[in-house]
Amino acid sequence: MAAEASCSAGRLQAIRWESRQLVILNQTLLPHRSEYLKIRDTSAGHYSIATMQTRGAPAIAIVAALSLAAELHTHPKFDSNKAAHQHVYERLDYLGTSRPTAVNLFAAIRDLKQVADQALEENRDVCEAYIAAAEQMLADDIADNQAIGRHGAAFLGEGKTKVLTHCNTGALATAGYGTALGIVRSMWEQGRLEQVVFTETRPYNQGSRLTSYELLTEQIPCRLICDSAVSALLQADPQVSAIIVGADRVAANGDTANKIGTYQLAISARFHNRKFIVAAPSTSIDLQMKSGKEIVIEERADREITSVKGVTYGSLLDERAVEVVQVAPLETKTWNPSFDVTPACLISAIVTERGVFVKRPGAEAFDLANDLKKL
């Protein structure tokens, strides 16, 4: 089921949870069509994540959690609390197969299983305990993102500046405020943002499709550039003081997996003496992974590189005008990793809702295990 949405000035809502019903903005249709989809159960939740109708590590975890909450709300009464507990476990495991690199998703699954365990042990209603916990995750994500925004803006210091970002890390990728774009929002609200430059983010064009949609909707001054233009921009414009990106997973030493292209941005930032900042909730930090060498990188289909999808230029921007155009020869083989891993030595700071982490003087890596204990 779909409902039309408008792209007018104001704060975007990519995830709506009202009266225990989950509705998401279908991001595969953006920026030319805004449509909300009702997610009735975990099958729909899994599909929305796997097909990138919803995307962004924090949003994936929230949509997965709430899709099961919606399912439990409408599910016929279980024969026993134990049966409900088993159902929660089975469906959470299924949701975990939707995006294997999203550490936030697995952190949410772990925490929600613990909620179900405790409810069963204390003879409380497993379904109600689960739904309450999933709802709290939604509220916590928004609060955490706002804290990331405040910490990141403070780290960048006083004065008005330009920043550059990659992929989409705002309201469309989280429960409502954003990680890297949360810092951008905070700077804009404080009157400290001259402009945010964003990359197209090939091959899926999350920048040109989604970040543009979000920034233009909220009337934040912005400019789009090709992925290959970043180094030239940093060379030409000294006002661009920092590159701010999100993260899918951060290892204990600070190595960071993020959208493909992030690594080369970090190299360029280092060469041009600009700050390179990772913004992510602390749930994106995986202390079980010592370094980025252990992070499994998902590879996606050839067609994402060899073809492009969009509306016909000059059309009325209706559904019939959306076309997929083959750019490369059909037999072209590709290497299409969804993410890359940026070494900690290239990262200036990791900004979380709990504060800003930096490396110790002379260190090439972060000590996130100890740093997290101190906050």
# chains A, B, ... in the order shown; residues from 1 in each chain; ligands from 1

$ select_by_dssp --residues "region 96-289 of chain A" --states "helix (DSSP H, G or I)" --output "PyMOL selection string"
chain A and resi 103-121+126-155+180-189+206-217+227-236+262-271+282-284

$ residues_around --residues "Ala139 (chain A)" --least-positions-apart "4" --cutoff "12 Å" --atoms "only C-alpha atoms" --output "PyMOL selection string"
chain A and resi 15-17+62+66+132-135+143-146+174-177

$ closest_atom_pairs --of "region 21-57 of chain A" --to "region 75-94 of chain A" --cutoff "10 Å" --atoms "only C-alpha atoms" --output "tab-separated table"
residue	atom	partner	partner_atom	distance
A:Asp41	CA	A:His75	CA	9.3
A:Thr42	CA	A:Arg91	CA	6.8
A:Ser43	CA	A:Tyr94	CA	8.7
A:His46	CA	A:Tyr94	CA	7.8

$ residues_around --residues "Ser291 (chain A)" --least-positions-apart "4" --cutoff "12 Å" --atoms "only C-alpha atoms" --output "CSV table (one decimal) with N, CA and C atoms, in the first residue's frame"
chain,number,residue,atom,x,y,z
A,249,ARG,N,30.0,0.6,9.8
A,249,ARG,CA,30.6,-0.2,10.9
A,249,ARG,C,32.0,0.4,11.2
A,250,VAL,N,32.3,0.6,12.5
A,250,VAL,CA,33.6,1.1,12.9
A,250,VAL,C,34.2,0.0,13.8
A,251,ALA,N,35.4,-0.4,13.4
A,251,ALA,CA,36.2,-1.4,14.2
A,251,ALA,C,36.8,-0.7,15.4
A,252,ALA,N,37.3,-1.6,16.3
A,252,ALA,CA,37.8,-1.1,17.6
A,252,ALA,C,38.9,-0.1,17.5
A,253,ASN,N,39.7,-0.3,16.4
A,253,ASN,CA,40.8,0.6,16.2
A,253,ASN,C,40.5,1.9,15.4
A,254,GLY,N,39.2,2.0,15.0
A,254,GLY,CA,38.7,3.2,14.3
A,254,GLY,C,38.6,3.0,12.8
A,255,ASP,N,39.1,1.9,12.2
A,255,ASP,CA,38.9,1.6,10.8
A,255,ASP,C,37.4,1.7,10.5
A,256,THR,N,37.0,2.3,9.4
A,256,THR,CA,35.6,2.6,9.2
A,256,THR,C,35.1,2.1,7.9
A,257,ALA,N,34.1,1.3,7.8
A,257,ALA,CA,33.4,0.9,6.6
A,257,ALA,C,32.3,1.8,6.3
A,285,ILE,N,29.9,1.2,16.4
A,285,ILE,CA,31.2,0.7,16.8
A,285,ILE,C,31.2,-0.8,17.2
A,286,ASP,N,31.9,-1.6,16.5
A,286,ASP,CA,31.9,-3.0,16.8
A,286,ASP,C,33.3,-3.4,17.4
A,287,LEU,N,33.2,-3.4,18.7
A,287,LEU,CA,34.5,-3.7,19.5
A,287,LEU,C,34.9,-5.1,19.3
A,295,ILE,N,36.2,-6.8,8.4
A,295,ILE,CA,34.9,-6.3,7.9
A,295,ILE,C,34.6,-7.0,6.5
A,296,VAL,N,33.4,-7.6,6.4
A,296,VAL,CA,33.0,-8.3,5.2
A,296,VAL,C,32.3,-7.2,4.3
A,341,VAL,N,36.8,0.4,3.2
A,341,VAL,CA,37.2,0.6,4.6
A,341,VAL,C,38.3,1.7,4.7
A,342,THR,N,38.0,2.8,5.4
A,342,THR,CA,39.0,3.9,5.6
A,342,THR,C,39.8,3.6,6.8
A,343,PRO,N,41.2,3.5,6.6
A,343,PRO,CA,42.0,3.2,7.8
A,343,PRO,C,41.9,4.4,8.8
A,344,ALA,N,42.1,4.0,10.1
A,344,ALA,CA,41.9,4.9,11.2
A,344,ALA,C,43.0,6.1,11.1
A,345,CYS,N,44.1,5.8,10.5
A,345,CYS,CA,45.2,6.8,10.4
A,345,CYS,C,44.8,8.0,9.6
A,365,ALA,N,46.0,4.8,15.3
A,365,ALA,CA,44.7,4.2,15.5
A,365,ALA,C,44.0,4.7,16.7
A,366,PHE,N,42.7,4.5,16.8
A,366,PHE,CA,41.9,4.9,18.0
A,366,PHE,C,42.0,3.8,19.0
A,367,ASP,N,41.6,4.1,20.2
A,367,ASP,CA,41.5,3.1,21.3
A,367,ASP,C,40.0,3.2,21.8
A,368,LEU,N,39.1,2.8,20.9
A,368,LEU,CA,37.7,3.0,21.2
A,368,LEU,C,37.2,2.2,22.4

$ residues_around --residues "Leu234 (chain A)" --least-positions-apart "4" --cutoff "12 Å" --atoms "only C-alpha atoms" --output "list in words"
Lys162, Val163, Leu164, Val197, Ile225, Ser228, Ala229, Val230, Pro238, Gln239, Val240, Ser241, Ala242, Ile243, Leu265, Ala266, Ile267, Ser268, Ala269, Arg270, Phe271, His272, Asn273, Arg274 and Lys275 of chain A

$ closest_residue --among "A:Gln27, A:Gln326, A:Ser98, A:Gln136" --to "Gln53 (chain A)" --atoms "only C-alpha atoms"
A:Gln27

$ residues_around --residues "Arg223 (chain A)" --least-positions-apart "5" --cutoff "12 Å" --atoms "only C-alpha atoms" --output "VMD selection string"
chain A and resid 162 to 165 194 to 200 207 to 208 211 to 213 215 to 216 233

$ write_last_selection --atoms "C-alpha atoms" --output "compact mmCIF listing (two decimals), in the first residue's frame"
# COMPACT_ATOMS: atom_id res chain seq x y z
CA LYS A 162 31.86 25.03 4.08
CA VAL A 163 31.91 21.26 4.50
CA LEU A 164 31.73 18.31 2.12
CA THR A 165 29.78 15.08 2.61
CA GLU A 194 28.20 28.69 4.47
CA GLN A 195 27.44 25.73 2.22
CA VAL A 196 27.48 21.94 2.18
CA VAL A 197 28.96 20.32 -0.91
CA PHE A 198 27.87 16.76 -1.59
CA THR A 199 29.02 14.07 -3.99
CA GLU A 200 26.75 12.24 -6.42
CA GLY A 207 24.01 11.94 -3.03
CA SER A 208 22.45 13.29 -6.21
CA THR A 211 20.97 14.24 -0.20
CA SER A 212 19.88 16.80 -2.78
CA TYR A 213 16.22 15.99 -2.06
CA LEU A 215 18.85 19.56 1.61
CA LEU A 216 16.63 21.30 -0.93
CA LEU A 233 37.42 21.20 -5.11

$ closest_residue --among "A:Tyr47, A:Arg185, A:Lys293, A:Val324" --to "Thr312 (chain A)" --atoms "only C-alpha atoms"
A:Val324

$ residues_around --residues "Pro281 (chain A)" --least-positions-apart "5" --cutoff "9 Å" --atoms "only C-alpha atoms" --output "list of chain:residue names"
A:Pro58, A:Asn104, A:Asp141, A:Asp144, A:Asn145, A:Ile148, A:Thr179, A:Ala247, A:Val351, A:Thr352, A:Glu353, A:Arg354

$ write_last_selection --atoms "C-alpha atoms" --output "PDB file, in the first residue's frame"
ATOM      1  CA  PRO A  58      20.567   3.553  11.783  1.00  0.00           C
ATOM      2  CA  ASN A 104      23.452  -1.318  13.988  1.00  0.00           C
ATOM      3  CA  ASP A 141      17.887   7.318  17.659  1.00  0.00           C
ATOM      4  CA  ASP A 144      21.353  10.403  19.671  1.00  0.00           C
ATOM      5  CA  ASN A 145      21.526  12.012  16.231  1.00  0.00           C
ATOM      6  CA  ILE A 148      25.996  13.857  17.321  1.00  0.00           C
ATOM      7  CA  THR A 179      24.619  11.641  11.571  1.00  0.00           C
ATOM      8  CA  ALA A 247      29.612   4.851   8.900  1.00  0.00           C
ATOM      9  CA  VAL A 351      31.810  11.765  16.531  1.00  0.00           C
ATOM     10  CA  THR A 352      29.151   9.834  18.446  1.00  0.00           C
ATOM     11  CA  GLU A 353      26.223  10.755  20.666  1.00  0.00           C
ATOM     12  CA  ARG A 354      28.536  10.161  23.633  1.00  0.00           C
TER      13      ARG A 354
END

$ select_by_dssp --residues "region 155-241 of chain A" --states "strand (DSSP E)" --output "NGL selection string"
:A and (161-165 or 193-199 or 222-225 or 240-241)

$ residues_around --residues "Val358 (chain A)" --least-positions-apart "3" --cutoff "8 Å" --atoms "only C-alpha atoms" --output "list in words"
Ser348, Ala349, Ile350 and Phe366 of chain A
